[in-house]
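A.B. asks: Sharing a structure with you now.
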Amino acid sequence: AQSVSQHNHHVILSEAASLELGCNYSYGGTVNLFWYVQYPGQHLQLLLKYFSGDPLVKGIKGFEAEFIKSKFSFNLRKPSVQWSDTAEYFCAVERARDTGFQKLVFGTGTRLLVSP
Amino acid sequence: DAGVIQSPRHEVTEMGQEVTLRCKPISGHDYLFWYRQTMMRGLELLIYFNNNVPIDDSGMPEDRFSAKMPNASFSTLKIQPSEPRDSAVYFCASKGRGANYGYTFGSGTRLTVV
């Protein structure tokens with residue numbers, strides 16, 4: 001079965017520190033990749049997505065992610081975090097099927113706390 | 001576009017009662033998904049529909065759970081009878097095609113079964 005792994009469950013950073021959150025998936029075929037953010041008490045919002053092309057994807061709020069196919073990874077990065085980035089971050093993978101891409105499978109999430 | 005609309009936002013019910021959660025997807029999106037989020041299990045896909053037809057309900061935990069999509073603009077997730085372990089946030093999401101490809105999530109329904 002396909003799985004999505006986020007190895008860091010909790011991350012604590014000071015403002016202006018750099019951020020990298022890991023994401024690995026187990027499926028070897030064609031995939032679409034997503035990062036979502038969930039602020040406290042809110043719904044999931046899309047940060048960025050990768051379908052094809054340049055493996056370095058830029059998203060909203062200064063986030064970016066790099067797809068490394070050989071490592072089955074899609075790590076999220078931000079050079080300088082802000083207190084407002086405190087949230088939970090989810091990596092998600094959509095697998096290609098004969099009938100097209102269908103369901104989205106989420107990782108377990110990483111809770112980021114940024115201290116001012 | 002108002003996005004994916006879920007109702008109610010919060011629901012508190014007693015064990016054994018029937019609970020119905022509602023979702024209105026984005027117009028033109030032909031996929032609809034129901035997810036459940038808990039601290040212990042994270043985000044779990046319960047069921048999804050394509051063009052109103054259930055495609056994969058393997059994530060539905062028990063026969064107490066049922067979902068319907070009678071038309072392209074409305075879906076329900078029903079729990080009967082409800083149990084305390086059903087307490088969670090239930091998200092609905094819809095997906096579009098082509099230039100609109102991507103998943104959009106609703107604000108969720110926070111269900112508490114006491």
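For the structure tokens, the naming scheme is as follows: chains receive sequential letters (A, B, ...) according to their order of presentation, residues are indexed from 1 within each chain, and ligands are indexed from 1 in presentation order.
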Quick one: everything within 8 Å of segment 23-36 of chain B, counting only C-alpha atoms, minus sequence neighbours fewer than 3 positions away in the same chain. Send it as a count of residues only.
C.D. replies: 34
A.B. asks: If we count only C-alpha atoms, which residues of chain A reach to within 12 Å of chain B? Please list them as a ChimeraX atom specification.
C.D. replies: /A:3-4,6,9,32-51,88-94,99-111
A.B. asks: Write the residues you've just listed into a file as a PDB file, in the first residue's frame, and include C-alpha atoms for each of them.
C.D. replies:
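The result, written out as selection_8.pdb:
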ATOM      1  CA  SER A   3       2.377   5.467   2.247  1.00  0.00           C
ATOM      2  CA  VAL A   4       3.554   8.967   2.884  1.00  0.00           C
ATOM      3  CA  GLN A   6       6.827  12.702   7.473  1.00  0.00           C
ATOM      4  CA  HIS A   9       6.357  15.120  14.053  1.00  0.00           C
ATOM      5  CA  ASN A  32       1.465  14.373  -8.049  1.00  0.00           C
ATOM      6  CA  LEU A  33       2.811  15.920  -4.853  1.00  0.00           C
ATOM      7  CA  PHE A  34       1.340  18.518  -2.521  1.00  0.00           C
ATOM      8  CA  TRP A  35       2.091  20.378   0.670  1.00  0.00           C
ATOM      9  CA  TYR A  36      -0.800  21.701   2.727  1.00  0.00           C
ATOM     10  CA  VAL A  37      -0.807  23.903   5.807  1.00  0.00           C
ATOM     11  CA  GLN A  38      -3.384  23.884   8.586  1.00  0.00           C
ATOM     12  CA  TYR A  39      -3.384  26.839  10.951  1.00  0.00           C
ATOM     13  CA  PRO A  40      -4.863  26.209  14.396  1.00  0.00           C
ATOM     14  CA  GLY A  41      -8.582  25.583  14.155  1.00  0.00           C
ATOM     15  CA  GLN A  42      -8.683  26.055  10.415  1.00  0.00           C
ATOM     16  CA  HIS A  43      -9.004  23.914   7.311  1.00  0.00           C
ATOM     17  CA  LEU A  44      -6.272  22.712   4.994  1.00  0.00           C
ATOM     18  CA  GLN A  45      -4.822  25.248   2.592  1.00  0.00           C
ATOM     19  CA  LEU A  46      -2.597  24.460  -0.373  1.00  0.00           C
ATOM     20  CA  LEU A  47       0.984  25.730  -0.062  1.00  0.00           C
ATOM     21  CA  LEU A  48       2.355  24.317  -3.289  1.00  0.00           C
ATOM     22  CA  LYS A  49       2.101  21.405  -5.679  1.00  0.00           C
ATOM     23  CA  TYR A  50       4.273  19.519  -8.138  1.00  0.00           C
ATOM     24  CA  PHE A  51       2.924  17.796 -11.224  1.00  0.00           C
ATOM     25  CA  GLU A  88       0.681  21.899  11.042  1.00  0.00           C
ATOM     26  CA  TYR A  89       2.114  20.933   7.671  1.00  0.00           C
ATOM     27  CA  PHE A  90       0.952  17.967   5.633  1.00  0.00           C
ATOM     28  CA  CYS A  91       2.602  16.310   2.686  1.00  0.00           C
ATOM     29  CA  ALA A  92       0.232  14.526   0.327  1.00  0.00           C
ATOM     30  CA  VAL A  93       0.649  12.246  -2.660  1.00  0.00           C
ATOM     31  CA  GLU A  94      -1.705  11.478  -5.499  1.00  0.00           C
ATOM     32  CA  THR A  99      -8.086   6.165 -15.180  1.00  0.00           C
ATOM     33  CA  GLY A 100      -6.052   9.153 -14.095  1.00  0.00           C
ATOM     34  CA  PHE A 101      -4.992  10.570 -10.781  1.00  0.00           C
ATOM     35  CA  GLN A 102      -7.502   9.944  -8.075  1.00  0.00           C
ATOM     36  CA  LYS A 103      -7.271   9.993  -4.332  1.00  0.00           C
ATOM     37  CA  LEU A 104      -4.945  12.041  -2.168  1.00  0.00           C
ATOM     38  CA  VAL A 105      -3.068  10.279   0.628  1.00  0.00           C
ATOM     39  CA  PHE A 106      -1.695  12.378   3.457  1.00  0.00           C
ATOM     40  CA  GLY A 107       1.308  12.035   5.686  1.00  0.00           C
ATOM     41  CA  THR A 108       0.884  12.207   9.442  1.00  0.00           C
ATOM     42  CA  GLY A 109       1.749  15.885   9.579  1.00  0.00           C
ATOM     43  CA  THR A 110       4.449  17.986  11.212  1.00  0.00           C
ATOM     44  CA  ARG A 111       3.577  20.511  13.893  1.00  0.00           C
TER      45      ARG A 111
END
A.B. asks: Assign secondary structure with DSSP using the backbone only, and return the residues of chain A in strand (DSSP E) as a ChimeraX atom specification.
C.D. replies: /A:4-5,10-14,19-21,24-25,31-38,44-50,56-58,64-68,73-78,87-97,100-106,110-115
A.B. asks: Identify, on the basis of only C-alpha atoms, every residue whose closest approach to segment 61-73 of chain A does not exceed 6 Å; exclude the query and any residue fewer than 4 positions from it along the same chain; express the result as a PyMOL selection string.
C.D. replies: chain A and resi 23-25+55-57+77-78
A.B. asks: Write the residues of the preceding selection, restricted to N, CA, C and O atoms, as a PDB file, in the first residue's frame.
C.D. replies:
ATOM      1  N   CYS A  23       9.605  14.758   3.575  1.00  0.00           N
ATOM      2  CA  CYS A  23       8.463  13.969   3.120  1.00  0.00           C
ATOM      3  C   CYS A  23       8.987  12.909   2.165  1.00  0.00           C
ATOM      4  O   CYS A  23       9.667  13.235   1.189  1.00  0.00           O
ATOM      5  N   ASN A  24       8.658  11.660   2.421  1.00  0.00           N
ATOM      6  CA  ASN A  24       8.992  10.566   1.535  1.00  0.00           C
ATOM      7  C   ASN A  24       7.741   9.749   1.250  1.00  0.00           C
ATOM      8  O   ASN A  24       6.863   9.630   2.097  1.00  0.00           O
ATOM      9  N   TYR A  25       7.680   9.193   0.064  1.00  0.00           N
ATOM     10  CA  TYR A  25       6.542   8.363  -0.300  1.00  0.00           C
ATOM     11  C   TYR A  25       7.052   7.043  -0.837  1.00  0.00           C
ATOM     12  O   TYR A  25       8.207   6.909  -1.243  1.00  0.00           O
ATOM     13  N   PRO A  55      11.762  20.541 -10.886  1.00  0.00           N
ATOM     14  CA  PRO A  55      11.520  19.866  -9.609  1.00  0.00           C
ATOM     15  C   PRO A  55      11.536  20.801  -8.408  1.00  0.00           C
ATOM     16  O   PRO A  55      11.160  20.401  -7.311  1.00  0.00           O
ATOM     17  N   LEU A  56      11.985  22.030  -8.608  1.00  0.00           N
ATOM     18  CA  LEU A  56      11.947  23.002  -7.524  1.00  0.00           C
ATOM     19  C   LEU A  56      10.699  23.851  -7.704  1.00  0.00           C
ATOM     20  O   LEU A  56      10.565  24.590  -8.669  1.00  0.00           O
ATOM     21  N   VAL A  57       9.805  23.712  -6.750  1.00  0.00           N
ATOM     22  CA  VAL A  57       8.499  24.357  -6.857  1.00  0.00           C
ATOM     23  C   VAL A  57       8.399  25.468  -5.822  1.00  0.00           C
ATOM     24  O   VAL A  57       8.731  25.265  -4.652  1.00  0.00           O
ATOM     25  N   ARG A  77      10.706  23.649   2.247  1.00  0.00           N
ATOM     26  CA  ARG A  77      11.721  24.533   2.813  1.00  0.00           C
ATOM     27  C   ARG A  77      11.215  25.968   2.869  1.00  0.00           C
ATOM     28  O   ARG A  77      10.349  26.386   2.080  1.00  0.00           O
ATOM     29  N   LYS A  78      11.801  26.686   3.823  1.00  0.00           N
ATOM     30  CA  LYS A  78      11.585  28.139   3.892  1.00  0.00           C
ATOM     31  C   LYS A  78      12.840  28.721   4.528  1.00  0.00           C
ATOM     32  O   LYS A  78      13.273  28.260   5.585  1.00  0.00           O
TER      33      LYS A  78
END
A.B. asks: Report the residues of segment 17-86 of chain A whose backbone DSSP state falls under helix (DSSP H, G or I), written as a PyMOL selection string.
C.D. replies: chain A and resi 60-62+69-71+83-85
